[in-house]
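The next block is target-v3.cif, given as mmCIF, C-alpha atoms, pLDDT in the B column; chains and numbers go by the auth columns.
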data_run
#
loop_
_atom_site.group_PDB
_atom_site.id
_atom_site.type_symbol
_atom_site.label_atom_id
_atom_site.label_comp_id
_atom_site.label_asym_id
_atom_site.label_seq_id
_atom_site.Cartn_x
_atom_site.Cartn_y
_atom_site.Cartn_z
_atom_site.B_iso_or_equiv
_atom_site.auth_seq_id
_atom_site.auth_asym_id
ATOM 1 C CA MET A 1 14.588 29.247 87.577 46.00 1 P
ATOM 2 C CA VAL A 2 15.948 31.254 84.628 43.00 2 P
ATOM 3 C CA ASN A 3 16.466 34.297 86.862 49.00 3 P
ATOM 4 C CA SER A 4 18.330 32.154 89.358 45.00 4 P
ATOM 5 C CA ILE A 5 20.699 30.930 86.654 39.00 5 P
ATOM 6 C CA MET A 6 21.293 34.473 85.375 44.00 6 P
ATOM 7 C CA GLU A 7 22.065 35.661 88.895 45.00 7 P
ATOM 8 C CA GLY A 8 24.484 32.783 89.424 45.00 8 P
ATOM 9 C CA LYS A 9 22.338 30.948 91.966 44.00 9 P
ATOM 10 C CA PHE A 10 22.903 27.529 90.438 38.00 10 P
ATOM 11 C CA LEU A 11 21.885 25.662 93.587 40.00 11 P
ATOM 12 C CA GLU A 12 18.395 27.187 93.569 48.00 12 P
ATOM 13 C CA ALA A 13 18.061 26.447 89.863 44.00 13 P
ATOM 14 C CA THR A 14 19.068 22.839 90.459 46.00 14 P
ATOM 15 C CA ASN A 15 16.432 22.477 93.192 50.00 15 P
ATOM 16 C CA CYS A 16 13.718 23.883 90.921 53.00 16 P
ATOM 17 C CA ALA A 17 14.552 21.628 87.973 52.00 17 P
ATOM 18 C CA PRO A 18 12.927 18.431 89.380 53.00 18 P
ATOM 19 C CA CYS A 19 9.704 20.316 90.130 56.00 19 P
ATOM 20 C CA VAL A 20 9.542 21.716 86.606 61.00 20 P
ATOM 21 C CA THR A 21 10.269 18.276 85.158 60.00 21 P
ATOM 22 C CA LEU A 22 7.533 16.630 87.239 52.00 22 P
ATOM 23 C CA CYS A 23 5.011 19.301 86.229 63.00 23 P
ATOM 24 C CA PHE A 24 5.906 18.819 82.574 59.00 24 P
ATOM 25 C CA LEU A 25 5.605 15.030 82.829 55.00 25 P
ATOM 26 C CA GLY A 26 2.289 15.385 84.655 56.00 26 P
ATOM 27 C CA LEU A 27 0.830 17.643 81.969 63.00 27 P
ATOM 28 C CA PHE A 28 2.244 15.389 79.250 60.00 28 P
ATOM 29 C CA GLY A 29 0.573 12.361 80.837 59.00 29 P
ATOM 30 C CA ILE A 30 -2.764 14.183 81.168 61.00 30 P
ATOM 31 C CA PHE A 31 -2.865 15.278 77.535 66.00 31 P
ATOM 32 C CA THR A 32 -1.540 12.052 75.993 71.00 32 P
ATOM 33 C CA VAL A 33 -3.079 9.350 78.215 74.00 33 P
ATOM 34 C CA VAL A 34 -5.814 10.600 80.547 81.00 34 P
ATOM 35 C CA GLY A 35 -7.406 12.979 78.031 82.00 35 P
ATOM 36 C CA PRO A 36 -7.871 10.473 75.161 87.00 36 P
ATOM 37 C CA ASP A 37 -9.000 7.769 77.587 90.00 37 P
ATOM 38 C CA CYS A 38 -11.641 10.059 79.094 91.00 38 P
ATOM 39 C CA LEU A 39 -12.898 10.868 75.597 91.00 39 P
ATOM 40 C CA TYR A 40 -13.123 7.131 74.912 94.00 40 P
ATOM 41 C CA TYR A 41 -15.152 6.593 78.101 94.00 41 P
ATOM 42 C CA THR A 42 -17.439 9.494 77.149 94.00 42 P
ATOM 43 C CA PHE A 43 -18.045 8.181 73.618 92.00 43 P
ATOM 44 C CA CYS A 44 -18.770 4.664 74.875 93.00 44 P
ATOM 45 C CA THR A 45 -21.161 6.000 77.510 94.00 45 P
ATOM 46 C CA PHE A 46 -22.972 8.090 74.890 92.00 46 P
ATOM 47 C CA VAL A 47 -23.458 5.069 72.603 91.00 47 P
ATOM 48 C CA GLN A 48 -24.555 2.906 75.535 92.00 48 P
ATOM 49 C CA VAL A 49 -27.159 5.491 76.584 93.00 49 P
ATOM 50 C CA GLN A 50 -28.495 5.684 73.025 92.00 50 P
ATOM 51 C CA PHE A 51 -28.854 1.903 72.931 93.00 51 P
ATOM 52 C CA ARG A 52 -30.689 1.967 76.266 93.00 52 P
ATOM 53 C CA LEU A 53 -33.105 4.631 74.997 93.00 53 P
ATOM 54 C CA LEU A 54 -33.687 2.570 71.870 93.00 54 P
ATOM 55 C CA TYR A 55 -34.237 -0.468 74.125 93.00 55 P
ATOM 56 C CA HIS A 56 -37.153 1.248 75.867 92.00 56 P
ATOM 57 C CA ASP A 57 -38.600 2.420 72.546 90.00 57 P
ATOM 58 C CA PHE A 58 -38.581 -1.099 71.106 90.00 58 P
ATOM 59 C CA GLU A 59 -39.940 -2.583 74.320 89.00 59 P
ATOM 60 C CA SER A 60 -42.944 -0.253 74.222 85.00 60 P
ATOM 61 C CA ILE A 61 -43.448 -0.240 70.457 84.00 61 P
ATOM 62 C CA VAL A 62 -46.455 -2.592 70.709 79.00 62 P
ATOM 63 C CA THR A 63 -49.277 -1.092 72.792 74.00 63 P
ATOM 64 C CA PRO A 64 -53.078 -1.422 72.723 70.00 64 P
ATOM 65 C CA ASN A 65 -53.222 1.786 70.675 71.00 65 P
ATOM 66 C CA VAL A 66 -50.731 0.353 68.180 67.00 66 P
ATOM 67 C CA ARG A 67 -52.877 -2.736 67.671 65.00 67 P
ATOM 68 C CA ILE A 68 -55.856 -0.488 66.957 69.00 68 P
ATOM 69 C CA TRP A 69 -53.776 1.599 64.525 66.00 69 P
ATOM 70 C CA ILE A 70 -52.668 -1.528 62.671 64.00 70 P
ATOM 71 C CA ARG A 71 -56.240 -2.841 62.367 67.00 71 P
ATOM 72 C CA ASN A 72 -57.500 0.553 61.137 68.00 72 P
ATOM 73 C CA GLY A 73 -54.648 0.998 58.667 65.00 73 P
ATOM 74 C CA ASN A 74 -53.217 4.000 60.535 64.00 74 P
ATOM 75 C CA ASP A 75 -49.595 4.739 59.594 69.00 75 P
ATOM 76 C CA LYS A 76 -48.487 6.058 63.013 74.00 76 P
ATOM 77 C CA TYR A 77 -47.050 2.688 64.039 75.00 77 P
ATOM 78 C CA HIS A 78 -45.017 2.385 60.851 76.00 78 P
ATOM 79 C CA GLU A 79 -43.628 5.886 61.321 82.00 79 P
ATOM 80 C CA LYS A 80 -42.541 5.003 64.851 82.00 80 P
ATOM 81 C CA PHE A 81 -41.092 1.712 63.645 83.00 81 P
ATOM 82 C CA ARG A 82 -39.113 3.391 60.840 86.00 82 P
ATOM 83 C CA ALA A 83 -37.757 5.983 63.289 88.00 83 P
ATOM 84 C CA CYS A 84 -36.456 3.212 65.568 88.00 84 P
ATOM 85 C CA ILE A 85 -34.891 1.423 62.591 87.00 85 P
ATOM 86 C CA SER A 86 -33.189 4.623 61.476 87.00 86 P
ATOM 87 C CA ARG A 87 -31.728 5.225 64.948 87.00 87 P
ATOM 88 C CA HIS A 88 -30.497 1.639 65.121 87.00 88 P
ATOM 89 C CA ARG A 89 -28.737 1.990 61.767 85.00 89 P
ATOM 90 C CA GLU A 90 -27.047 5.226 62.820 84.00 90 P
ATOM 91 C CA LEU A 91 -25.704 3.546 65.937 84.00 91 P
ATOM 92 C CA ILE A 92 -24.102 0.627 64.087 78.00 92 P
ATOM 93 C CA ARG A 93 -23.335 1.610 60.505 72.00 93 P
ATOM 94 C CA LEU A 94 -20.028 2.839 59.057 50.00 94 P
ATOM 95 C CA GLU A 95 -18.865 6.351 60.100 49.00 95 P
ATOM 96 C CA LYS A 96 -21.590 6.492 62.732 68.00 96 P
ATOM 97 C CA CYS A 97 -21.129 6.068 66.487 77.00 97 P
ATOM 98 C CA THR A 98 -19.818 2.552 67.159 83.00 98 P
ATOM 99 C CA ASN A 99 -17.786 2.167 63.971 83.00 99 P
ATOM 100 C CA LEU A 100 -16.422 5.684 64.370 85.00 100 P
ATOM 101 C CA ILE A 101 -15.112 4.822 67.859 89.00 101 P
ATOM 102 C CA GLU A 102 -13.637 1.635 66.387 88.00 102 P
ATOM 103 C CA THR A 103 -11.847 3.612 63.657 87.00 103 P
ATOM 104 C CA VAL A 104 -10.399 6.208 66.043 89.00 104 P
ATOM 105 C CA TYR A 105 -9.367 3.983 68.955 91.00 105 P
ATOM 106 C CA SER A 106 -8.672 0.515 67.526 91.00 106 P
ATOM 107 C CA LYS A 107 -4.935 1.058 66.945 90.00 107 P
ATOM 108 C CA SER A 108 -4.314 2.688 70.315 89.00 108 P
ATOM 109 C CA SER A 109 -6.317 -0.087 71.994 91.00 109 P
ATOM 110 C CA LEU A 110 -4.109 -2.670 70.290 91.00 110 P
ATOM 111 C CA PHE A 111 -1.015 -0.860 71.595 90.00 111 P
ATOM 112 C CA ASN A 112 -2.507 -0.827 75.111 89.00 112 P
ATOM 113 C CA PHE A 113 -3.296 -4.532 74.925 90.00 113 P
ATOM 114 C CA MET A 114 0.173 -5.460 73.666 88.00 114 P
ATOM 115 C CA SER A 115 2.068 -3.266 76.119 88.00 115 P
ATOM 116 C CA SER A 116 -0.057 -3.810 79.221 88.00 116 P
ATOM 117 C CA SER A 117 1.026 -7.429 79.738 87.00 117 P
ATOM 118 C CA LEU A 118 4.688 -6.430 79.626 88.00 118 P
ATOM 119 C CA LEU A 119 4.243 -3.343 81.815 87.00 119 P
ATOM 120 C CA LEU A 120 2.266 -5.240 84.455 90.00 120 P
ATOM 121 C CA CYS A 121 4.871 -7.988 84.481 90.00 121 P
ATOM 122 C CA LEU A 122 7.812 -5.588 84.869 87.00 122 P
ATOM 123 C CA ALA A 123 6.041 -3.500 87.510 87.00 123 P
ATOM 124 C CA GLY A 124 5.246 -6.603 89.560 88.00 124 P
ATOM 125 C CA PHE A 125 8.819 -7.844 89.208 87.00 125 P
ATOM 126 C CA ASN A 126 10.261 -4.525 90.399 84.00 126 P
ATOM 127 C CA ILE A 127 7.947 -4.554 93.406 85.00 127 P
ATOM 128 C CA MET A 128 9.306 -7.997 94.271 85.00 128 P
ATOM 129 C CA ALA A 129 12.949 -7.148 93.566 82.00 129 P
ATOM 130 C CA TYR A 130 13.245 -3.886 95.529 79.00 130 P
ATOM 131 C CA GLU A 131 13.150 -4.134 99.304 77.00 131 P
ATOM 132 C CA ASP A 132 13.111 -0.358 99.780 76.00 132 P
ATOM 133 C CA LEU A 133 9.484 0.626 100.339 78.00 133 P
ATOM 134 C CA ALA A 134 10.065 4.125 98.959 75.00 134 P
ATOM 135 C CA VAL A 135 11.198 2.677 95.629 74.00 135 P
ATOM 136 C CA SER A 136 8.713 -0.180 95.435 80.00 136 P
ATOM 137 C CA GLY A 137 5.890 2.220 96.361 82.00 137 P
ATOM 138 C CA ASN A 138 6.362 4.032 93.056 80.00 138 P
ATOM 139 C CA PHE A 139 6.029 0.754 91.164 83.00 139 P
ATOM 140 C CA ILE A 140 2.927 -0.174 93.196 86.00 140 P
ATOM 141 C CA GLY A 141 1.287 3.076 92.129 84.00 141 P
ATOM 142 C CA PHE A 142 2.331 2.490 88.519 84.00 142 P
ATOM 143 C CA LEU A 143 0.952 -1.065 88.628 88.00 143 P
ATOM 144 C CA PHE A 144 -2.365 0.172 90.004 90.00 144 P
ATOM 145 C CA LEU A 145 -2.713 2.840 87.304 86.00 145 P
ATOM 146 C CA CYS A 146 -1.896 0.341 84.529 87.00 146 P
ATOM 147 C CA LEU A 147 -4.519 -2.062 85.862 92.00 147 P
ATOM 148 C CA LEU A 148 -7.077 0.722 86.218 92.00 148 P
ATOM 149 C CA GLN A 149 -6.514 1.992 82.681 91.00 149 P
ATOM 150 C CA ILE A 150 -6.860 -1.336 80.911 93.00 150 P
ATOM 151 C CA TYR A 151 -9.768 -2.358 83.185 95.00 151 P
ATOM 152 C CA LEU A 152 -11.784 0.764 82.359 95.00 152 P
ATOM 153 C CA ILE A 153 -11.084 0.397 78.639 94.00 153 P
ATOM 154 C CA CYS A 154 -12.401 -3.181 78.728 95.00 154 P
ATOM 155 C CA VAL A 155 -15.409 -2.339 80.904 96.00 155 P
ATOM 156 C CA TYR A 156 -16.639 0.506 78.717 95.00 156 P
ATOM 157 C CA GLY A 157 -16.047 -1.478 75.531 93.00 157 P
ATOM 158 C CA GLY A 158 -17.980 -4.415 76.968 94.00 158 P
ATOM 159 C CA ASN A 159 -20.854 -2.136 78.013 94.00 159 P
ATOM 160 C CA VAL A 160 -21.365 -1.035 74.398 93.00 160 P
ATOM 161 C CA SER A 161 -21.476 -4.642 73.211 91.00 161 P
ATOM 162 C CA ARG A 162 -23.968 -5.712 75.893 92.00 162 P
ATOM 163 C CA ALA A 163 -26.201 -2.689 75.319 92.00 163 P
ATOM 164 C CA SER A 164 -26.435 -3.469 71.592 90.00 164 P
ATOM 165 C CA MET A 165 -27.351 -7.101 72.231 91.00 165 P
ATOM 166 C CA ASP A 166 -29.989 -6.142 74.809 92.00 166 P
ATOM 167 C CA LEU A 167 -32.134 -4.807 71.963 90.00 167 P
ATOM 168 C CA SER A 168 -33.077 -8.376 71.073 90.00 168 P
ATOM 169 C CA SER A 169 -34.571 -8.784 74.570 91.00 169 P
ATOM 170 C CA ALA A 170 -36.466 -5.522 74.131 91.00 170 P
ATOM 171 C CA VAL A 171 -38.061 -6.739 70.897 90.00 171 P
ATOM 172 C CA TYR A 172 -38.914 -10.092 72.489 90.00 172 P
ATOM 173 C CA ASN A 173 -40.596 -8.295 75.417 89.00 173 P
ATOM 174 C CA SER A 174 -42.617 -6.029 73.131 85.00 174 P
ATOM 175 C CA GLN A 175 -45.733 -8.272 72.967 81.00 175 P
ATOM 176 C CA TRP A 176 -44.993 -9.067 69.343 81.00 176 P
ATOM 177 C CA TYR A 177 -47.303 -12.074 69.576 81.00 177 P
ATOM 178 C CA THR A 178 -50.362 -9.798 69.805 79.00 178 P
ATOM 179 C CA VAL A 179 -49.889 -8.150 66.387 79.00 179 P
ATOM 180 C CA ASP A 180 -50.485 -9.443 62.878 78.00 180 P
ATOM 181 C CA VAL A 181 -48.047 -11.757 61.089 83.00 181 P
ATOM 182 C CA LYS A 182 -46.506 -9.071 58.851 82.00 182 P
ATOM 183 C CA THR A 183 -45.701 -6.787 61.786 81.00 183 P
ATOM 184 C CA ALA A 184 -44.336 -9.714 63.805 84.00 184 P
ATOM 185 C CA LYS A 185 -41.995 -10.637 60.942 87.00 185 P
ATOM 186 C CA ASN A 186 -40.659 -7.079 60.831 86.00 186 P
ATOM 187 C CA LEU A 187 -39.928 -7.257 64.550 87.00 187 P
ATOM 188 C CA LEU A 188 -38.275 -10.645 64.048 89.00 188 P
ATOM 189 C CA VAL A 189 -35.821 -9.072 61.595 88.00 189 P
ATOM 190 C CA ILE A 190 -34.831 -6.515 64.234 87.00 190 P
ATOM 191 C CA LEU A 191 -34.507 -9.218 66.883 88.00 191 P
ATOM 192 C CA THR A 192 -32.225 -11.279 64.636 89.00 192 P
ATOM 193 C CA ARG A 193 -30.006 -8.305 63.755 85.00 193 P
ATOM 194 C CA ALA A 194 -29.730 -7.206 67.398 86.00 194 P
ATOM 195 C CA GLN A 195 -28.302 -10.611 68.348 87.00 195 P
ATOM 196 C CA LYS A 196 -25.174 -9.621 66.414 85.00 196 P
ATOM 197 C CA SER A 197 -23.450 -7.311 68.873 84.00 197 P
ATOM 198 C CA CYS A 198 -21.621 -4.098 68.007 86.00 198 P
ATOM 199 C CA LYS A 199 -18.076 -4.964 69.018 87.00 199 P
ATOM 200 C CA LEU A 200 -15.193 -2.649 69.755 90.00 200 P
ATOM 201 C CA THR A 201 -11.894 -4.364 68.952 91.00 201 P
ATOM 202 C CA ALA A 202 -8.187 -3.774 69.338 90.00 202 P
ATOM 203 C CA TYR A 203 -7.575 -3.411 65.574 88.00 203 P
ATOM 204 C CA MET A 204 -9.451 -6.696 64.959 87.00 204 P
ATOM 205 C CA TYR A 205 -6.933 -8.498 67.195 86.00 205 P
ATOM 206 C CA ALA A 206 -9.259 -9.000 70.164 89.00 206 P
ATOM 207 C CA GLU A 207 -12.636 -7.802 71.384 92.00 207 P
ATOM 208 C CA ILE A 208 -12.573 -5.137 74.064 93.00 208 P
ATOM 209 C CA ASN A 209 -14.404 -6.639 77.046 93.00 209 P
ATOM 210 C CA LEU A 210 -13.714 -8.135 80.469 93.00 210 P
ATOM 211 C CA GLU A 211 -12.662 -11.444 78.931 93.00 211 P
ATOM 212 C CA ALA A 212 -9.811 -9.595 77.225 94.00 212 P
ATOM 213 C CA PHE A 213 -8.875 -8.079 80.604 95.00 213 P
ATOM 214 C CA THR A 214 -8.621 -11.519 82.198 94.00 214 P
ATOM 215 C CA ARG A 215 -6.463 -12.727 79.289 93.00 215 P
ATOM 216 C CA ILE A 216 -4.113 -9.778 79.789 93.00 216 P
ATOM 217 C CA LEU A 217 -3.802 -10.610 83.497 93.00 217 P
ATOM 218 C CA SER A 218 -3.164 -14.260 82.679 93.00 218 P
ATOM 219 C CA THR A 219 -0.449 -13.368 80.172 91.00 219 P
ATOM 220 C CA SER A 220 1.161 -10.918 82.597 92.00 220 P
ATOM 221 C CA TRP A 221 1.249 -13.560 85.312 91.00 221 P
ATOM 222 C CA SER A 222 2.902 -16.031 82.934 91.00 222 P
ATOM 223 C CA TYR A 223 5.593 -13.501 82.041 89.00 223 P
ATOM 224 C CA PHE A 224 6.071 -12.621 85.712 90.00 224 P
ATOM 225 C CA ALA A 225 6.441 -16.263 86.767 90.00 225 P
ATOM 226 C CA LEU A 226 9.007 -16.845 83.998 88.00 226 P
ATOM 227 C CA LEU A 227 10.979 -13.731 84.897 86.00 227 P
ATOM 228 C CA LYS A 228 10.901 -14.592 88.598 85.00 228 P
ATOM 229 C CA SER A 229 12.164 -18.096 87.843 86.00 229 P
ATOM 230 C CA VAL A 230 15.066 -16.760 85.774 83.00 230 P
ATOM 231 C CA TYR A 231 15.889 -14.162 88.435 76.00 231 P
ATOM 232 C CA SER A 232 15.871 -16.789 91.200 75.00 232 P
ATOM 233 C CA LYS A 233 18.198 -19.088 89.265 68.00 233 P
ATOM 234 C CA GLY A 234 20.537 -16.182 88.589 61.00 234 P
ATOM 235 C CA GLY A 235 20.632 -15.320 92.289 57.00 235 P
ATOM 236 C CA GLU A 236 21.560 -18.879 93.250 57.00 236 P
ATOM 237 C CA HIS A 237 24.629 -18.756 91.013 55.00 237 P
#
Starting from the file, lay out its structure as structure tokens.
Amino acid sequence: MVNSIMEGKFLEATNCAPCVTLCFLGLFGIFTVVGPDCLYYTFCTFVQVQFRLLYHDFESIVTPNVRIWIRNGNDKYHEKFRACISRHRELIRLEKCTNLIETVYSKSSLFNFMSSSLLLCLAGFNIMAYEDLAVSGNFIGFLFLCLLQIYLICVYGGNVSRASMDLSSAVYNSQWYTVDVKTAKNLLVILTRAQKSCKLTAYMYAEINLEAFTRILSTSWSYFALLKSVYSKGGEH
């Protein structure tokens, strides 16, 4: 394009400019939106997998061998139990895993939550207002991408919360009733703590889960209905 301008071929340069602009906007969108979102999905999946592995460890923590170890005073069970406790703490405590994701992404999640309702409303309104399919098609694609982005954010955030709460079911299914009272009380502490889920939030404004997604859709529809009503009244006059 620069060579075309230097040679005086302004028409060719003008034709190349939209392509360069679209490439720049595409790369800008990848690095500022798609890239961070994919990292968020990866982090959430990693934490969810760690919770699932811990689930299976807690579920199988009480075995016939363990009961024999406890009766004989063998410390192997307690070592295994302490290892599971340590992993659980690393997954939930400050500056580790879940809270680290919360620190990095909470503000951007709040921005997504606040802007998504407005963007979905305006995209839907433009689809309704423009009769030209070529123009409205762009807004349909934009609406789909906005819905997909906020849906995936809520799904992955909700998966982390559910995986953390599933640990209580793992402890309950661990045949805790076959061990001595002291060991059962230790397992009860874990069960009680696991019932408090590890939540990802939009800067403490709202939890990131599918319920938040439905609230965003409800708010967008309210804005859209109001805007459509105002537009219809304006057209009558």
For P:Leu143, find every residue with an atom within 9 Å (counting all atoms listed in the file), except residues of its own chain fewer than 5 positions away, and show them as a list in words.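 My list of contacting residues is Leu119, Leu120, Cys121, Ala123, Gly124, Asn138 and Leu148 of chain P.
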Determine the residue membership of the PyMOL selection byres ((chain P and resi 195) around 8) for the file above and supply it as a list of chain:residue names. P:Met165, P:Leu167, P:Ser168, P:Leu191, P:Thr192, P:Arg193, P:Ala194, P:Lys196, P:Ser197
Using the selection just defined, write its residues with C-alpha atoms as a compact mmCIF listing (two decimals), in the coordinates of the input.
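Listed below is the output, again-v3.txt:
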# COMPACT_ATOMS: atom_id res chain seq x y z
CA MET P 165 -27.35 -7.10 72.23
CA LEU P 167 -32.13 -4.81 71.96
CA SER P 168 -33.08 -8.38 71.07
CA LEU P 191 -34.51 -9.22 66.88
CA THR P 192 -32.22 -11.28 64.64
CA ARG P 193 -30.01 -8.30 63.76
CA ALA P 194 -29.73 -7.21 67.40
CA LYS P 196 -25.17 -9.62 66.41
CA SER P 197 -23.45 -7.31 68.87
What does the PyMOL selection byres ((chain P and resi 212) around 12) select in this file, as a VMD selection string? chain P and resid 109 to 110 112 to 114 116 to 117 150 to 155 157 to 158 200 to 202 205 to 211 213 to 219
Generate a file of the selected residues that holds C-alpha atoms, formatted as a tab-separated table (two decimals), keeping the file's coordinate frame.
chain	number	residue	atom	x	y	z
P	109	SER	CA	-6.32	-0.09	71.99
P	110	LEU	CA	-4.11	-2.67	70.29
P	112	ASN	CA	-2.51	-0.83	75.11
P	113	PHE	CA	-3.30	-4.53	74.92
P	114	MET	CA	0.17	-5.46	73.67
P	116	SER	CA	-0.06	-3.81	79.22
P	117	SER	CA	1.03	-7.43	79.74
P	150	ILE	CA	-6.86	-1.34	80.91
P	151	TYR	CA	-9.77	-2.36	83.18
P	152	LEU	CA	-11.78	0.76	82.36
P	153	ILE	CA	-11.08	0.40	78.64
P	154	CYS	CA	-12.40	-3.18	78.73
P	155	VAL	CA	-15.41	-2.34	80.90
P	157	GLY	CA	-16.05	-1.48	75.53
P	158	GLY	CA	-17.98	-4.42	76.97
P	200	LEU	CA	-15.19	-2.65	69.76
P	201	THR	CA	-11.89	-4.36	68.95
P	202	ALA	CA	-8.19	-3.77	69.34
P	205	TYR	CA	-6.93	-8.50	67.19
P	206	ALA	CA	-9.26	-9.00	70.16
P	207	GLU	CA	-12.64	-7.80	71.38
P	208	ILE	CA	-12.57	-5.14	74.06
P	209	ASN	CA	-14.40	-6.64	77.05
P	210	LEU	CA	-13.71	-8.14	80.47
P	211	GLU	CA	-12.66	-11.44	78.93
P	213	PHE	CA	-8.88	-8.08	80.60
P	214	THR	CA	-8.62	-11.52	82.20
P	215	ARG	CA	-6.46	-12.73	79.29
P	216	ILE	CA	-4.11	-9.78	79.79
P	217	LEU	CA	-3.80	-10.61	83.50
P	218	SER	CA	-3.16	-14.26	82.68
P	219	THR	CA	-0.45	-13.37	80.17
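If you look at atom CA of P:Val179 and atom CA of P:Val62, they are 7.8 Å away from each other.
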Just give me the gap between atom CA of P:Cys44 and atom CA of P:Ser106 in Å, one decimal is fine.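 Going from atom CA of P:Cys44 over to atom CA of P:Ser106, I get 13.2 Å.
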Between atom CA of P:Thr98 and atom CA of P:Ile190, what distance in Å does the model show, to one decimal? 17.8 Å
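When the PyMOL selection byres ((chain P and resi 122) around 12) is run on the displayed coordinates, the residues it returns are Ser115, Ser116, Ser117, Leu118, Leu119, Leu120, Cys121, Ala123, Gly124, Phe125, Asn126, Ile127, Met128, Ala129, Ser136, Phe139, Ile140, Phe142, Leu143, Cys146, Ser220, Trp221, Ser222, Tyr223, Phe224, Ala225, Leu226, Leu227 and Lys228 of chain P.
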Using only C-alpha atoms, which residue out of P:Glu102, P:Thr63, P:Ser232, P:Leu54 lies closest to P:Ala83?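 Selected residue with least distance to P:Ala83: P:Leu54.
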May I ask which of the residues P:Ala170, P:Ile85, P:Ile101, P:Leu53 is the closest one to P:Tyr40, counting all atoms listed in the file?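 Answer, going by the shortest atom-to-atom distance: P:Ile101.
Among the candidates P:Tyr231, P:Tyr177, P:Phe58, P:Phe43, the one nearest to P:Tyr77 when counting only C-alpha atoms is P:Phe58.
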Smallest atom-to-atom distance to P:Arg89: which of P:Gly35, P:Phe51, P:Asp132, P:Tyr105, using all atoms listed in the file? P:Phe51
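Of the residues under consideration (P:Asn65, P:His78, P:Glu59, P:Asn159), P:His78 shows the shortest atom-to-atom contact distance to P:Lys182 when counting all atoms listed in the file.
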Spatial neighbours of P:Cys97, max dist 12 Å, only C-alpha atoms, sep filter under 6 positions, as a ChimeraX atom specification: /P:40,42-51,87-91,103-104,160,198-200
Same residues, C-alpha atoms, output as a tab-separated table (two decimals), in the coordinates of the input:
chain	number	residue	atom	x	y	z
P	40	TYR	CA	-13.12	7.13	74.91
P	42	THR	CA	-17.44	9.49	77.15
P	43	PHE	CA	-18.05	8.18	73.62
P	44	CYS	CA	-18.77	4.66	74.88
P	45	THR	CA	-21.16	6.00	77.51
P	46	PHE	CA	-22.97	8.09	74.89
P	47	VAL	CA	-23.46	5.07	72.60
P	48	GLN	CA	-24.56	2.91	75.54
P	49	VAL	CA	-27.16	5.49	76.58
P	50	GLN	CA	-28.50	5.68	73.03
P	51	PHE	CA	-28.85	1.90	72.93
P	87	ARG	CA	-31.73	5.22	64.95
P	88	HIS	CA	-30.50	1.64	65.12
P	89	ARG	CA	-28.74	1.99	61.77
P	90	GLU	CA	-27.05	5.23	62.82
P	91	LEU	CA	-25.70	3.55	65.94
P	103	THR	CA	-11.85	3.61	63.66
P	104	VAL	CA	-10.40	6.21	66.04
P	160	VAL	CA	-21.36	-1.03	74.40
P	198	CYS	CA	-21.62	-4.10	68.01
P	199	LYS	CA	-18.08	-4.96	69.02
P	200	LEU	CA	-15.19	-2.65	69.76
Using only C-alpha atoms, can you tell me which of P:Ser86, P:Gln149, P:Ser60, P:Ser229 comes closest to P:Trp176?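 Looking at the shortest contact to P:Trp176, the residue is P:Ser60.
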